[in-house]
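Here is the file entry.txt (compact mmCIF, C-alpha atoms and all ligand atoms).
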# COMPACT_ATOMS: atom_id res chain seq x y z
CA MET A 1456 32.76 -24.58 -24.34
CA GLN A 1457 30.12 -24.39 -21.62
CA ARG A 1458 29.56 -21.07 -19.88
CA PRO A 1459 30.40 -21.05 -16.15
CA SER A 1460 27.59 -21.85 -13.77
CA LYS A 1461 26.44 -18.93 -11.62
CA ILE A 1462 25.80 -19.44 -7.91
CA THR A 1463 24.32 -16.97 -5.43
CA ALA A 1464 24.45 -17.49 -1.66
CA ILE A 1465 22.11 -15.73 0.77
CA VAL A 1466 23.65 -15.86 4.23
CA GLY A 1467 21.56 -15.22 7.33
CA THR A 1468 24.21 -15.52 10.05
CA TYR A 1469 25.19 -12.63 12.32
CA CYS A 1470 28.61 -14.13 12.80
CA LYS A 1471 31.07 -13.66 9.93
CA GLY A 1472 33.69 -16.38 10.09
CA GLY A 1473 31.34 -18.54 12.18
CA VAL A 1474 29.92 -21.96 11.39
CA ILE A 1475 27.42 -20.98 8.71
CA ASP A 1476 29.78 -18.54 7.05
CA SER A 1477 32.59 -21.12 6.96
CA ALA A 1478 30.31 -23.83 5.58
CA VAL A 1479 29.07 -21.48 2.84
CA ASP A 1480 32.67 -20.55 2.01
CA GLU A 1481 33.49 -24.24 1.72
CA LEU A 1482 30.62 -24.72 -0.76
CA LEU A 1483 31.45 -21.60 -2.76
CA GLY A 1484 35.18 -22.34 -2.72
CA ALA A 1485 34.67 -25.82 -4.16
CA ALA A 1486 32.23 -24.44 -6.74
CA ALA A 1487 34.65 -21.69 -7.77
CA ALA A 1488 37.48 -24.23 -8.06
CA ALA A 1489 35.21 -26.17 -10.44
CA GLY A 1490 34.77 -23.04 -12.58
CA ALA A 1491 31.58 -21.45 -11.17
CA GLN A 1492 31.03 -17.72 -10.68
CA THR A 1493 29.94 -17.08 -7.12
CA THR A 1494 28.25 -14.22 -5.26
CA LYS A 1495 27.54 -14.01 -1.54
CA PHE A 1496 25.09 -11.67 0.20
CA TYR A 1497 25.18 -11.24 3.97
CA LEU A 1498 21.66 -10.29 4.96
CA VAL A 1499 23.00 -8.37 8.01
CA ASP A 1500 24.71 -5.96 5.61
CA GLU A 1501 21.76 -5.44 3.28
CA HIS A 1502 19.02 -2.83 3.56
CA ILE A 1503 15.89 -4.96 3.47
CA GLU A 1504 12.60 -3.66 4.85
CA PHE A 1505 9.89 -5.75 6.49
CA CYS A 1506 6.98 -6.83 4.29
CA THR A 1507 4.02 -4.56 5.13
CA ASN A 1508 1.45 -7.06 3.82
CA CYS A 1509 0.09 -4.57 1.26
CA ARG A 1510 0.10 -7.45 -1.28
CA SER A 1511 0.55 -5.14 -4.28
CA CYS A 1512 3.40 -7.46 -5.42
CA THR A 1513 1.05 -10.46 -5.51
CA GLN A 1514 -1.76 -9.03 -7.66
CA GLN A 1515 -0.42 -9.46 -11.22
CA ALA A 1516 -0.31 -12.97 -12.70
CA GLY A 1517 2.80 -14.35 -14.40
CA ASP A 1518 6.08 -15.99 -13.51
CA GLU A 1519 8.03 -12.73 -13.04
CA PHE A 1520 8.60 -11.62 -9.44
CA GLY A 1521 5.86 -9.15 -8.43
CA ARG A 1522 6.89 -5.50 -8.01
CA CYS A 1523 7.25 -4.45 -4.39
CA ILE A 1524 6.48 -0.86 -3.39
CA LEU A 1525 9.48 -0.82 -1.02
CA ASP A 1526 12.67 0.69 -2.43
CA ASP A 1527 15.49 -1.32 -0.92
CA ARG A 1528 18.01 -4.05 -1.80
CA MET A 1529 15.47 -6.85 -2.21
CA ARG A 1530 14.91 -6.27 -5.94
CA PRO A 1531 18.62 -6.29 -6.94
CA ILE A 1532 19.19 -9.41 -4.84
CA LEU A 1533 16.22 -11.16 -6.47
CA GLU A 1534 17.52 -10.16 -9.91
CA GLU A 1535 20.91 -11.68 -9.05
CA ILE A 1536 19.14 -14.88 -7.96
CA GLU A 1537 17.09 -14.86 -11.17
CA ARG A 1538 20.32 -14.80 -13.21
CA SER A 1539 21.75 -17.70 -11.17
CA ASP A 1540 21.77 -21.41 -11.96
CA ALA A 1541 22.00 -22.36 -8.31
CA ILE A 1542 21.31 -20.81 -4.92
CA ILE A 1543 22.41 -21.37 -1.36
CA LEU A 1544 20.19 -20.33 1.55
CA ALA A 1545 22.03 -20.47 4.85
CA SER A 1546 21.09 -19.69 8.44
CA PRO A 1547 21.96 -20.73 11.98
CA MET A 1548 19.07 -21.89 14.13
CA ASN A 1549 17.92 -19.28 16.64
CA PHE A 1550 15.02 -20.20 18.94
CA GLY A 1551 14.09 -23.14 16.77
CA THR A 1552 14.03 -21.38 13.42
CA VAL A 1553 16.01 -19.20 11.02
CA THR A 1554 17.53 -15.89 12.17
CA ALA A 1555 15.41 -12.73 12.10
CA VAL A 1556 17.22 -11.38 9.02
CA MET A 1557 16.59 -14.62 7.12
CA LYS A 1558 12.93 -14.63 8.19
CA ARG A 1559 12.54 -11.04 7.00
CA PHE A 1560 14.08 -12.04 3.64
CA VAL A 1561 11.78 -15.08 3.36
CA GLU A 1562 8.68 -13.01 4.16
CA ARG A 1563 9.57 -10.68 1.29
CA LEU A 1564 9.39 -13.69 -1.05
CA VAL A 1565 5.63 -13.23 -1.07
CA CYS A 1566 6.39 -11.44 -4.38
CA CYS A 1567 7.20 -14.91 -5.75
CA ALA A 1568 3.52 -15.82 -5.37
CA HIS A 1569 0.37 -14.82 -7.22
CA TRP A 1570 -2.27 -14.01 -4.64
CA PRO A 1571 -4.90 -11.54 -5.86
CA TRP A 1572 -7.55 -10.24 -3.51
CA GLY A 1573 -10.43 -12.71 -3.25
CA LYS A 1574 -8.21 -15.75 -3.77
CA LEU A 1575 -8.02 -17.99 -0.70
CA ALA A 1576 -4.35 -18.89 -0.86
CA PRO A 1577 -1.23 -17.93 -2.83
CA SER A 1578 0.20 -19.98 -5.68
CA ALA A 1579 3.90 -20.02 -6.57
CA ARG A 1580 4.77 -18.06 -9.70
CA LYS A 1581 7.63 -20.32 -10.78
CA ARG A 1582 6.00 -23.35 -12.42
CA ASN A 1583 9.07 -24.31 -14.38
CA ARG A 1584 11.68 -24.65 -11.65
CA THR A 1585 15.13 -25.27 -13.10
CA LYS A 1586 17.61 -24.12 -10.46
CA ARG A 1587 19.48 -26.27 -8.02
CA ALA A 1588 19.79 -25.27 -4.35
CA VAL A 1589 21.53 -26.13 -1.12
CA VAL A 1590 20.05 -25.23 2.26
CA VAL A 1591 22.69 -24.82 4.98
CA ALA A 1592 21.62 -24.83 8.63
CA SER A 1593 23.39 -25.15 11.97
CA SER A 1594 22.28 -25.71 15.54
CA ALA A 1595 23.64 -26.25 19.04
CA ALA A 1596 21.52 -29.40 19.10
CA PRO A 1597 22.67 -32.54 17.29
CA ALA A 1598 21.79 -32.32 13.60
CA ILE A 1599 19.22 -35.12 13.74
CA LEU A 1600 17.25 -33.32 16.48
CA GLY A 1601 17.52 -29.94 14.77
CA ARG A 1602 16.19 -31.44 11.55
CA LEU A 1603 13.45 -33.59 13.03
CA PHE A 1604 12.02 -31.31 15.70
CA THR A 1605 11.99 -27.93 13.99
CA SER A 1606 10.48 -26.64 10.75
CA MET A 1607 13.60 -24.70 9.84
CA VAL A 1608 14.77 -26.86 6.95
CA GLY A 1609 11.23 -27.00 5.56
CA LEU A 1610 11.03 -23.21 5.61
CA LEU A 1611 14.34 -22.78 3.77
CA LYS A 1612 13.40 -25.45 1.23
CA GLN A 1613 10.07 -23.70 0.60
CA ALA A 1614 11.94 -20.44 0.04
CA ALA A 1615 14.37 -22.14 -2.38
CA ARG A 1616 11.45 -23.56 -4.37
CA LEU A 1617 9.72 -20.17 -4.53
CA LEU A 1618 12.98 -18.83 -5.98
CA GLY A 1619 12.88 -21.47 -8.71
CA ALA A 1620 14.80 -24.40 -7.30
CA GLN A 1621 13.83 -27.91 -8.36
CA ARG A 1622 16.34 -30.02 -6.46
CA VAL A 1623 17.23 -28.85 -2.93
CA ASP A 1624 20.01 -30.56 -0.94
CA VAL A 1625 20.56 -30.00 2.77
CA LEU A 1626 23.75 -29.50 4.79
CA PHE A 1627 22.78 -29.48 8.48
CA ILE A 1628 25.58 -28.94 10.97
CA GLY A 1629 24.73 -29.92 14.54
CA LEU A 1630 26.69 -29.42 17.77
CA ALA A 1631 27.69 -26.00 16.46
CA ALA A 1632 27.88 -24.17 19.79
CA LEU A 1633 30.21 -26.25 21.94
CA LYS A 1634 33.17 -23.87 21.67
CA GLU A 1635 33.59 -20.11 21.68
CA ARG A 1636 34.88 -20.33 18.13
CA PRO A 1637 33.33 -23.51 16.75
CA ASP A 1638 34.74 -24.98 13.57
CA VAL A 1639 33.13 -27.01 10.83
CA SER A 1640 33.95 -30.72 11.11
CA ASP A 1641 35.92 -32.46 8.37
CA LYS A 1642 32.83 -34.52 7.53
CA ALA A 1643 30.69 -31.40 7.06
CA ARG A 1644 33.48 -29.75 5.05
CA ARG A 1645 33.67 -32.74 2.73
CA LYS A 1646 29.89 -32.70 2.23
CA ALA A 1647 29.97 -28.93 1.60
CA GLN A 1648 32.71 -29.38 -1.02
CA ARG A 1649 30.82 -32.21 -2.71
CA LEU A 1650 27.62 -30.15 -2.86
CA GLY A 1651 29.60 -27.13 -4.09
CA ARG A 1652 30.97 -29.15 -6.99
CA LYS A 1653 27.45 -30.42 -7.80
CA LEU A 1654 26.16 -26.83 -7.91
CA ALA A 1655 29.01 -25.87 -10.23
CA GLU A 1656 27.97 -28.63 -12.67
CA HIS A 1657 24.40 -27.35 -12.88
CA ARG A 1658 23.15 -24.95 -15.53
CA CYS A 1659 19.54 -23.88 -15.99
CA ARG A 1660 19.83 -23.52 -19.76
C1 LIG B 1 19.90 -16.20 20.19
C2 LIG B 1 20.31 -17.61 19.93
C3 LIG B 1 19.34 -18.59 19.86
C4 LIG B 1 19.70 -19.92 19.60
N1 LIG B 1 18.72 -20.86 19.55
C5 LIG B 1 19.05 -22.14 19.30
C6 LIG B 1 18.05 -23.13 19.23
O1 LIG B 1 16.85 -22.89 19.37
N2 LIG B 1 18.42 -24.42 19.01
C7 LIG B 1 19.74 -24.76 18.82
O2 LIG B 1 20.02 -25.94 18.61
N3 LIG B 1 20.71 -23.82 18.83
C8 LIG B 1 20.41 -22.52 19.07
N4 LIG B 1 21.39 -21.57 19.10
C9 LIG B 1 22.79 -21.94 18.75
C10 LIG B 1 23.13 -21.51 17.32
O3 LIG B 1 22.27 -22.23 16.41
C11 LIG B 1 24.58 -21.81 16.97
O4 LIG B 1 25.41 -21.04 17.82
C12 LIG B 1 24.82 -21.44 15.50
O5 LIG B 1 24.21 -22.43 14.70
C13 LIG B 1 26.25 -21.29 15.10
O6 LIG B 1 26.30 -20.75 13.79
P1 LIG B 1 27.00 -19.33 13.50
O7 LIG B 1 28.44 -19.47 13.92
O8 LIG B 1 26.88 -19.09 12.03
O9 LIG B 1 26.28 -18.28 14.31
C14 LIG B 1 21.07 -20.25 19.39
C15 LIG B 1 22.04 -19.24 19.47
C16 LIG B 1 21.67 -17.95 19.75
C17 LIG B 1 22.73 -16.89 19.84
Would you put the structure from the file into structure tokens?
Amino acid sequence: MQRPSKITAIVGTYCKGGVIDSAVDELLGAAAAAGAQTTKFYLVDEHIEFCTNCRSCTQQAGDEFGRCILDDRMRPILEEIERSDAIILASPMNFGTVTAVMKRFVERLVCCAHWPWGKLAPSARKRNRTKRAVVVASSAAPAILGRLFTSMVGLLKQAARLLGAQRVDVLFIGLAALKERPDVSDKARRKAQRLGRKLAEHRCR
């Protein structure tokens, strides 16, 4: 019998029970119903420091995450991701990009790159990317405008790849601020469930 797939979601919303949170729950619920083990981290609840740009984590070569000098929750979260077959990165759009907590998390992913002093640009540590990922984003703007006119999805996809994702699907929910308590449309729910089941089918090894 196959072992259950393991899925970790990193959630950058400030609004529990809001659009992003509900969409992630839809994904994770469908994945769990298909037999996956799921874990969800709310970045607002986690102690994560800002990257100080000391670059000590980028000096050593190799595909292991570089060691950060900061003692906070980033390392355990990265270890959980490392043990996962699939990841979800989710954030509402604030001022044209991800939320501040998601940006702080993404900046700390510099440890996923090898960038010794003297080298012009970083290179990703994970050459052999085997995970599957879903990027979940929401905006007040219609989804097509949010996707086309901001770099938000590109940023989250880049983060997913640094974390070892090969295939990255996108669930973008537009018109997410029309009501005081906006809900996720049936169409978006169906897509979230479909993607959740796909994640549950995926195993890295
Ligand atoms: C501070 C702030 C900035 C926002 N900036 C944008 C924006 O630039 N573009 C946009 O389409 N929506 C923007 N929105 C709307 C949010 O994207 C929308 O309310 C959110 O996606 C809903 O998801 P949530 O329930 O998980 O918070 C902004 C909302 C706030 C509170």
Closest pair table for range 1578-1608 of chain A residues within 10 Å of range 1511-1530 of chain A, all atoms listed in the file, as JSON lines:
{"residue": "A:Ser1578", "atom": "CA", "partner": "A:Thr1513", "partner_atom": "CA", "distance": 9.6}
{"residue": "A:Ala1579", "atom": "CA", "partner": "A:Asp1518", "partner_atom": "CA", "distance": 8.3}
{"residue": "A:Arg1580", "atom": "CA", "partner": "A:Asp1518", "partner_atom": "CA", "distance": 4.5}
{"residue": "A:Lys1581", "atom": "CA", "partner": "A:Asp1518", "partner_atom": "CA", "distance": 5.3}
{"residue": "A:Arg1582", "atom": "CA", "partner": "A:Asp1518", "partner_atom": "CA", "distance": 7.4}
{"residue": "A:Asn1583", "atom": "CA", "partner": "A:Asp1518", "partner_atom": "CA", "distance": 8.9}
Filtering to C-alpha atoms, could you give me those residues as a PDB file, in the coordinates of the input?
ATOM      1  CA  SER A1578       0.200 -19.980  -5.680  1.00  0.00           C
ATOM      2  CA  ALA A1579       3.900 -20.020  -6.570  1.00  0.00           C
ATOM      3  CA  ARG A1580       4.770 -18.060  -9.700  1.00  0.00           C
ATOM      4  CA  LYS A1581       7.630 -20.320 -10.780  1.00  0.00           C
ATOM      5  CA  ARG A1582       6.000 -23.350 -12.420  1.00  0.00           C
ATOM      6  CA  ASN A1583       9.070 -24.310 -14.380  1.00  0.00           C
TER       7      ASN A1583
END
task = For Thr1605 in chain A, list every protein, DNA or RNA residue within 12 Å, evaluated using all atoms listed in the file, and leave out those in the same chain fewer than 3 positions away; present the list as a VMD selection string.
result = chain A and resid 1548 to 1553 1592 to 1594 1596 1598 to 1602 1608 to 1611
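If only C-alpha atoms and all ligand atoms are the atoms counted, then among A:Glu1656, A:Asp1641, A:Glu1635, A:Glu1562 the closest residue to ligand LIG 1 (chain B) is A:Glu1635.
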request  = Find, counting only C-alpha atoms, the residue in A:Leu1650, A:Val1466, A:Met1607, A:Val1639 that gets nearest to Val1499 in chain A.
outcome  = A:Val1466
request  = Would you kindly return, as a VMD selection string, each protein, DNA or RNA residue with an atom no farther than 12 Å from any atom of Cys1470 in chain A, considering all atoms listed in the file and excluding same-chain residues fewer than 3 positions away?
outcome  = chain A and resid 1466 to 1467 1473 to 1477 1497 to 1500 1546 to 1547 1554 1635 to 1637
inquiry  = Env of Gly1490 in chain A: 10 Å cut, atoms = only C-alpha atoms, seq-sep filter 3 positions within chain, self excluded. Answer as number ranges by chain.
reply    = A: 1458-1461, 1484-1487, 1493, 1652, 1655-1656
inquiry  = List the spatial neighbours of Phe1505 in chain A as an MDAnalysis selection string - criterion: any atom at most 10 Å away, only C-alpha atoms, same-chain residues fewer than 6 positions off excluded.
reply    = chainID A and resid 1525 1556 1558:1560 1562:1563
inquiry  = Report, in Å to a single decimal, how far apart atom O4 of ligand LIG 1 (chain B) and CA of Ile1462 in chain A are.
reply    = 25.8 Å
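Between atom C8 of ligand LIG 1 (chain B) and CA of Leu1633 in chain A lies a distance of 10.9 Å.
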Starting from the incomplete input, reconstruct N, CA and C atoms of range 1612-1647 of chain A and write that as a compact mmCIF listing (two decimals), in the coordinates of the input.
# COMPACT_ATOMS: atom_id res chain seq x y z
N LYS A 1612 13.68 -24.73 2.49
CA LYS A 1612 13.40 -25.45 1.23
C LYS A 1612 12.24 -24.78 0.48
N GLN A 1613 11.21 -24.39 1.23
CA GLN A 1613 10.07 -23.70 0.60
C GLN A 1613 10.54 -22.42 -0.08
N ALA A 1614 11.42 -21.68 0.62
CA ALA A 1614 11.94 -20.44 0.04
C ALA A 1614 12.73 -20.73 -1.23
N ALA A 1615 13.56 -21.78 -1.20
CA ALA A 1615 14.37 -22.14 -2.38
C ALA A 1615 13.46 -22.48 -3.55
N ARG A 1616 12.38 -23.18 -3.28
CA ARG A 1616 11.45 -23.56 -4.37
C ARG A 1616 10.74 -22.32 -4.93
N LEU A 1617 10.36 -21.41 -4.05
CA LEU A 1617 9.72 -20.17 -4.53
C LEU A 1617 10.67 -19.40 -5.44
N LEU A 1618 11.97 -19.53 -5.18
CA LEU A 1618 12.98 -18.83 -5.98
C LEU A 1618 13.33 -19.59 -7.25
N GLY A 1619 12.70 -20.74 -7.45
CA GLY A 1619 12.88 -21.47 -8.71
C GLY A 1619 13.73 -22.71 -8.63
N ALA A 1620 13.98 -23.19 -7.42
CA ALA A 1620 14.80 -24.40 -7.30
C ALA A 1620 13.95 -25.66 -7.45
N GLN A 1621 14.48 -26.61 -8.20
CA GLN A 1621 13.83 -27.91 -8.36
C GLN A 1621 14.41 -28.87 -7.32
N ARG A 1622 15.70 -29.14 -7.42
CA ARG A 1622 16.34 -30.02 -6.46
C ARG A 1622 16.95 -29.18 -5.33
N VAL A 1623 16.68 -29.57 -4.09
CA VAL A 1623 17.23 -28.85 -2.93
C VAL A 1623 17.94 -29.85 -2.01
N ASP A 1624 19.25 -29.73 -1.87
CA ASP A 1624 20.01 -30.56 -0.94
C ASP A 1624 20.17 -29.83 0.39
N VAL A 1625 20.47 -30.59 1.43
CA VAL A 1625 20.56 -30.00 2.77
C VAL A 1625 21.91 -30.34 3.39
N LEU A 1626 22.55 -29.31 3.94
CA LEU A 1626 23.75 -29.50 4.79
C LEU A 1626 23.38 -28.98 6.17
N PHE A 1627 23.19 -29.89 7.12
CA PHE A 1627 22.78 -29.48 8.48
C PHE A 1627 23.94 -29.79 9.43
N ILE A 1628 24.42 -28.77 10.08
CA ILE A 1628 25.58 -28.94 10.97
C ILE A 1628 25.11 -28.81 12.42
N GLY A 1629 25.14 -29.93 13.13
CA GLY A 1629 24.73 -29.92 14.54
C GLY A 1629 25.92 -29.70 15.45
N LEU A 1630 25.64 -29.61 16.74
CA LEU A 1630 26.69 -29.42 17.77
C LEU A 1630 27.59 -28.23 17.42
N ALA A 1631 26.94 -27.14 16.99
CA ALA A 1631 27.69 -26.00 16.46
C ALA A 1631 27.94 -24.92 17.50
N ALA A 1632 27.69 -25.22 18.78
CA ALA A 1632 27.88 -24.17 19.79
C ALA A 1632 28.63 -24.70 21.02
N LEU A 1633 29.50 -25.65 20.80
CA LEU A 1633 30.21 -26.25 21.94
C LEU A 1633 31.45 -25.44 22.33
N LYS A 1634 31.95 -24.64 21.39
CA LYS A 1634 33.17 -23.87 21.67
C LYS A 1634 32.91 -22.40 21.37
N GLU A 1635 33.77 -21.55 21.94
CA GLU A 1635 33.59 -20.11 21.68
C GLU A 1635 33.75 -19.82 20.19
N ARG A 1636 34.72 -20.48 19.58
CA ARG A 1636 34.88 -20.33 18.13
C ARG A 1636 34.75 -21.71 17.49
N PRO A 1637 33.51 -22.16 17.28
CA PRO A 1637 33.33 -23.51 16.75
C PRO A 1637 33.82 -23.62 15.31
N ASP A 1638 34.34 -24.79 14.97
CA ASP A 1638 34.74 -24.98 13.57
C ASP A 1638 33.84 -26.00 12.91
N VAL A 1639 33.93 -26.07 11.60
CA VAL A 1639 33.13 -27.01 10.83
C VAL A 1639 33.91 -28.32 10.76
N SER A 1640 33.25 -29.43 11.08
CA SER A 1640 33.95 -30.72 11.11
C SER A 1640 34.43 -31.10 9.70
N ASP A 1641 35.41 -32.01 9.67
CA ASP A 1641 35.92 -32.46 8.37
C ASP A 1641 34.81 -33.11 7.55
N LYS A 1642 33.93 -33.84 8.25
CA LYS A 1642 32.83 -34.52 7.53
C LYS A 1642 31.91 -33.48 6.86
N ALA A 1643 31.57 -32.44 7.63
CA ALA A 1643 30.69 -31.40 7.06
C ALA A 1643 31.41 -30.65 5.94
N ARG A 1644 32.71 -30.42 6.12
CA ARG A 1644 33.48 -29.75 5.05
C ARG A 1644 33.45 -30.57 3.76
N ARG A 1645 33.66 -31.88 3.93
CA ARG A 1645 33.67 -32.74 2.73
C ARG A 1645 32.31 -32.71 2.04
N LYS A 1646 31.23 -32.74 2.84
CA LYS A 1646 29.89 -32.70 2.23
C LYS A 1646 29.67 -31.35 1.55
N ALA A 1647 30.12 -30.27 2.20
CA ALA A 1647 29.97 -28.93 1.60
C ALA A 1647 30.71 -28.88 0.26
